[in-house]
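Listing of upload_8.pdb, PDB, C-alpha atoms
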```pdb
ATOM      1  CA  MET A 822       0.000   0.000   0.000
ATOM      2  CA  PRO A 823       1.959   2.997  -1.265
ATOM      3  CA  VAL A 824       1.336   6.251   0.588
ATOM      4  CA  TYR A 825       1.560   9.244  -1.723
ATOM      5  CA  ILE A 826       1.234  12.130   0.743
ATOM      6  CA  ARG A 827       0.532  12.748   4.405
ATOM      7  CA  TYR A 828      -1.271  15.880   5.531
ATOM      8  CA  ARG A 829      -2.019  16.675   9.196
ATOM      9  CA  GLY A 830      -2.463  13.008  10.050
ATOM     10  CA  TRP A 831      -4.381  12.149   6.864
ATOM     11  CA  TYR A 832      -2.918   9.624   4.435
ATOM     12  CA  VAL A 833      -3.425   9.621   0.650
ATOM     13  CA  TYR A 834      -2.725   6.180  -0.769
ATOM     14  CA  PHE A 835      -3.829   3.318  -3.008
ATOM     15  CA  TRP A 836      -3.696  -0.441  -2.692
ATOM     16  CA  THR A 837      -1.369  -2.379  -4.993
ATOM     17  CA  ASN A 838      -3.868  -5.216  -5.479
ATOM     18  CA  GLU A 839      -6.496  -3.058  -7.240
ATOM     19  CA  ASN A 840      -5.276  -3.660 -10.795
ATOM     20  CA  ASP A 841      -8.782  -4.044 -12.170
ATOM     21  CA  GLU A 842      -9.986  -0.683 -10.845
ATOM     22  CA  PRO A 843      -9.727   2.695 -12.547
ATOM     23  CA  ILE A 844      -7.160   5.108 -11.174
ATOM     24  CA  HIS A 845      -8.161   6.505  -7.782
ATOM     25  CA  PHE A 846      -6.863   7.207  -4.311
ATOM     26  CA  HIS A 847      -8.028   6.733  -0.741
ATOM     27  CA  ILE A 848      -7.830   9.107   2.203
ATOM     28  CA  ALA A 849      -7.779   7.956   5.822
ATOM     29  CA  GLN A 850      -6.730   9.449   9.126
ATOM     30  CA  GLY A 851      -4.172   7.810  11.388
ATOM     31  CA  LYS A 852      -3.571   4.735   9.282
ATOM     32  CA  PRO A 853      -4.777   3.446   5.923
ATOM     33  CA  THR A 854      -7.927   1.331   6.069
ATOM     34  CA  PRO A 855      -9.704  -0.704   3.389
ATOM     35  CA  ASN A 856     -12.977   1.222   3.774
ATOM     36  CA  ALA A 857     -11.575   4.760   3.536
ATOM     37  CA  THR A 858     -12.699   7.778   1.536
ATOM     38  CA  LYS A 859     -12.313   7.033  -2.181
ATOM     39  CA  ILE A 860     -11.758   9.522  -4.994
ATOM     40  CA  TRP A 861     -11.707   8.668  -8.694
ATOM     41  CA  ILE A 862      -9.428  10.491 -11.114
ATOM     42  CA  LEU A 863     -11.277  11.212 -14.334
ATOM     43  CA  GLN A 864      -9.731  11.328 -17.795
ATOM     44  CA  ASN A 865      -9.761  15.145 -17.807
ATOM     45  CA  ASN A 866      -7.695  15.049 -14.562
ATOM     46  CA  SER A 867     -10.618  16.156 -12.416
ATOM     47  CA  PHE A 868     -11.847  14.231  -9.379
ATOM     48  CA  ARG A 869     -15.065  12.503  -8.404
ATOM     49  CA  LEU A 870     -15.763  11.672  -4.788
ATOM     50  CA  GLU A 871     -16.995   8.086  -4.584
ATOM     51  CA  ASN A 872     -17.553   8.214  -0.832
ATOM     52  CA  ASN A 873     -16.344  10.004   2.274
ATOM     53  CA  ASN A 874     -16.267   7.011   4.602
ATOM     54  CA  SER A 875     -13.335   8.526   6.515
ATOM     55  CA  LYS A 876     -15.382  11.663   7.182
ATOM     56  CA  VAL A 877     -12.654  13.967   5.927
ATOM     57  CA  PRO A 878     -13.655  17.524   6.896
ATOM     58  CA  ALA A 879     -14.537  19.653   3.868
ATOM     59  CA  ASN A 880     -11.654  22.097   4.378
ATOM     60  CA  VAL A 881      -9.103  19.255   4.646
ATOM     61  CA  LEU A 882     -10.579  17.505   1.621
ATOM     62  CA  ARG A 883     -10.360  20.719  -0.431
ATOM     63  CA  HIS A 884      -6.717  21.148   0.539
ATOM     64  CA  ILE A 885      -5.794  17.539  -0.268
ATOM     65  CA  LEU A 886      -7.564  17.756  -3.635
ATOM     66  CA  ALA A 887      -5.739  21.008  -4.431
ATOM     67  CA  VAL A 888      -2.399  19.339  -3.675
ATOM     68  CA  MET A 889      -3.383  16.312  -5.735
ATOM     69  CA  GLN A 890      -4.464  18.531  -8.640
ATOM     70  CA  VAL A 891      -1.088  20.251  -8.768
ATOM     71  CA  SER A 892       0.770  16.934  -8.741
ATOM     72  CA  ILE A 893      -1.677  14.850 -10.791
ATOM     73  CA  GLU A 894       0.842  13.830 -13.462
ATOM     74  CA  GLU A 895       3.331  12.759 -10.806
ATOM     75  CA  TYR A 896       0.630  10.740  -9.060
ATOM     76  CA  LYS A 897      -0.298   9.030 -12.333
ATOM     77  CA  GLU A 898       3.353   8.042 -12.813
ATOM     78  CA  TYR A 899       3.380   6.683  -9.261
ATOM     79  CA  TRP A 900       0.239   4.654 -10.030
ATOM     80  CA  LEU A 901       1.899   3.280 -13.195
ATOM     81  CA  THR A 902       4.861   2.076 -11.141
ATOM     82  CA  TYR A 903       2.575  -0.399  -9.401
ATOM     83  CA  HIS A 904      -0.263  -1.046 -11.858
ATOM     84  CA  HIS A 905       1.535  -0.691 -15.230
ATOM     85  CA  GLU A 906      -1.530   0.845 -16.870
ATOM     86  CA  ILE A 907      -4.135   3.506 -16.265
ATOM     87  CA  HIS A 908      -7.798   3.307 -17.056
ATOM     88  CA  TYR A 909     -10.315   5.867 -15.946
ATOM     89  CA  HIS A 910     -13.622   5.824 -14.161
ATOM     90  CA  GLU A 911     -16.501   6.630 -16.476
ATOM     91  CA  PRO A 912     -18.462   9.590 -15.096
ATOM     92  CA  ARG A 913     -22.123   8.961 -14.359
TER
END
```
Would it be possible to restate this file's structure as structure tokens?
Amino acid sequence: MPVYIRYRGWYVYFWTNENDEPIHFHIAQGKPTPNATKIWILQNNSFRLENNNSKVPANVLRHILAVMQVSIEEYKEYWLTYHHEIHYHEPR
């Protein structure tokens, strides 16, 4: 489970065994958990909140998403290191 960033006790990460899923990341406080907040990365490099199971406060979520937006290409390269391909979530 690679951790991409840490922010005020919140972790941004993905699981390495999710090869069949579109590119996304999870956010959890304290330690990564399987049922954490999940955010899809769309093909236009925007985000779609799947759920906020970790109950990330809105101001923290905005800040994390802003950081992720700035480093989106770097994150995608990081994802490729583990998954070797990227496919995107289809917006509803």
Taking all atoms of segment 847-854 of chain A that the file lists, what box with edges along x, y and z, padded by 8 Å per side, do you get, with centre and edge lengths in Å to one decimal, as AutoDock Vina command-line options?
```
--center_x -5.8 --center_y 5.4 --center_z 5.3 --size_x 20.5 --size_y 24.1 --size_z 28.1
```
Discussion item. Please enumerate the residues selected by the PyMOL selection byres ((chain A and resi 903) around 9) when evaluated against the supplied file, formatted as an MDAnalysis selection string.
Written reply: chainID A and resid 823 837:838 840 899:902 904:906
Within 8 Å of segment 908-912 of chain A, counting only C-alpha atoms, which residues qualify if same-chain residues fewer than 5 places away don't, as an mmCIF file with C-alpha atoms, in the frame of the given file?
```cif
data_model
loop_
_atom_site.group_PDB
_atom_site.id
_atom_site.type_symbol
_atom_site.label_atom_id
_atom_site.label_comp_id
_atom_site.auth_asym_id
_atom_site.auth_seq_id
_atom_site.Cartn_x
_atom_site.Cartn_y
_atom_site.Cartn_z
ATOM 1 C CA GLU A 842 -9.986 -0.683 -10.845
ATOM 2 C CA PRO A 843 -9.727 2.695 -12.547
ATOM 3 C CA ILE A 844 -7.160 5.108 -11.174
ATOM 4 C CA TRP A 861 -11.707 8.668 -8.694
ATOM 5 C CA ILE A 862 -9.428 10.491 -11.114
ATOM 6 C CA LEU A 863 -11.277 11.212 -14.334
ATOM 7 C CA GLN A 864 -9.731 11.328 -17.795
#
```
Item to complete: Name every residue that the PyMOL selection byres ((chain A and resi 848-851) around 6) selects in this structure, writing the answer as number ranges by chain with chains first and numbers rising.
Response: A: 830-833, 847, 852-853, 857-858, 875
Worksheet, complete the sentence: Atom pair atom CA of Thr854 of chain A + atom CA of Val888 of chain A, distance 21.2 Å
Worksheet entry | Distance query Val881 of chain A at most 9 Å, all atoms listed in the file, self and fewer than 5 positions along chain excluded, as an MDAnalysis selection string | chainID A and resid 828:829 831 886
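For the atom pair formed by atom CA of Arg869 of chain A and atom CA of Ile893 of chain A, the distance is 13.8 Å, given to one decimal.
Shortest atom-to-atom contact with Gln890 of chain A among A:Asn873, A:Phe868, A:Ile826, A:Tyr834: A:Phe868, counting all atoms listed in the file.
One distance worth recording is that between atom CA of Asn856 of chain A and atom CA of Phe835 of chain A, which is 11.6 Å.
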Discussion item. (-19.3, 13.1, 0.0) in this file's frame - what residues fall within 12 Å of it? Use all atoms listed in the file and give the answer as a ChimeraX atom specification.
Written reply: /A:857-860,869-879,882-883
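Remark: for Ile907 of chain A, the closest of the candidate residues A:Ser892, A:His845, A:Pro855, A:Arg827 is A:His845 (distances computed over all atoms listed in the file).
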Repair of segment 898-909 of chain A at the level of N, CA and C atoms, as a short mmCIF file (atom, residue, chain, number, x, y, z; two decimals), in the frame of the given file:
```cif
data_model
loop_
_atom_site.label_atom_id
_atom_site.label_comp_id
_atom_site.auth_asym_id
_atom_site.auth_seq_id
_atom_site.Cartn_x
_atom_site.Cartn_y
_atom_site.Cartn_z
N GLU A 898 2.12 8.79 -12.63
CA GLU A 898 3.35 8.04 -12.81
C GLU A 898 3.57 7.08 -11.65
N TYR A 899 3.26 7.53 -10.46
CA TYR A 899 3.38 6.68 -9.26
C TYR A 899 2.44 5.48 -9.38
N TRP A 900 1.21 5.73 -9.81
CA TRP A 900 0.24 4.65 -10.03
C TRP A 900 0.79 3.64 -11.04
N LEU A 901 1.35 4.14 -12.15
CA LEU A 901 1.90 3.28 -13.20
C LEU A 901 3.02 2.38 -12.68
N THR A 902 3.78 2.87 -11.73
CA THR A 902 4.86 2.08 -11.14
C THR A 902 4.34 0.76 -10.59
N TYR A 903 3.15 0.79 -10.03
CA TYR A 903 2.58 -0.40 -9.40
C TYR A 903 1.58 -1.15 -10.29
N HIS A 904 0.82 -0.43 -11.10
CA HIS A 904 -0.26 -1.05 -11.86
C HIS A 904 0.04 -1.22 -13.35
N HIS A 905 1.06 -0.55 -13.85
CA HIS A 905 1.54 -0.69 -15.23
C HIS A 905 0.56 -0.23 -16.30
N GLU A 906 -0.59 0.26 -15.92
CA GLU A 906 -1.53 0.84 -16.87
C GLU A 906 -2.50 1.74 -16.11
N ILE A 907 -3.13 2.63 -16.86
CA ILE A 907 -4.14 3.51 -16.26
C ILE A 907 -5.40 3.37 -17.09
N HIS A 908 -6.50 3.13 -16.41
CA HIS A 908 -7.80 3.31 -17.06
C HIS A 908 -8.63 4.16 -16.11
N TYR A 909 -9.60 4.83 -16.68
CA TYR A 909 -10.32 5.87 -15.95
C TYR A 909 -11.75 5.46 -15.63
#
```
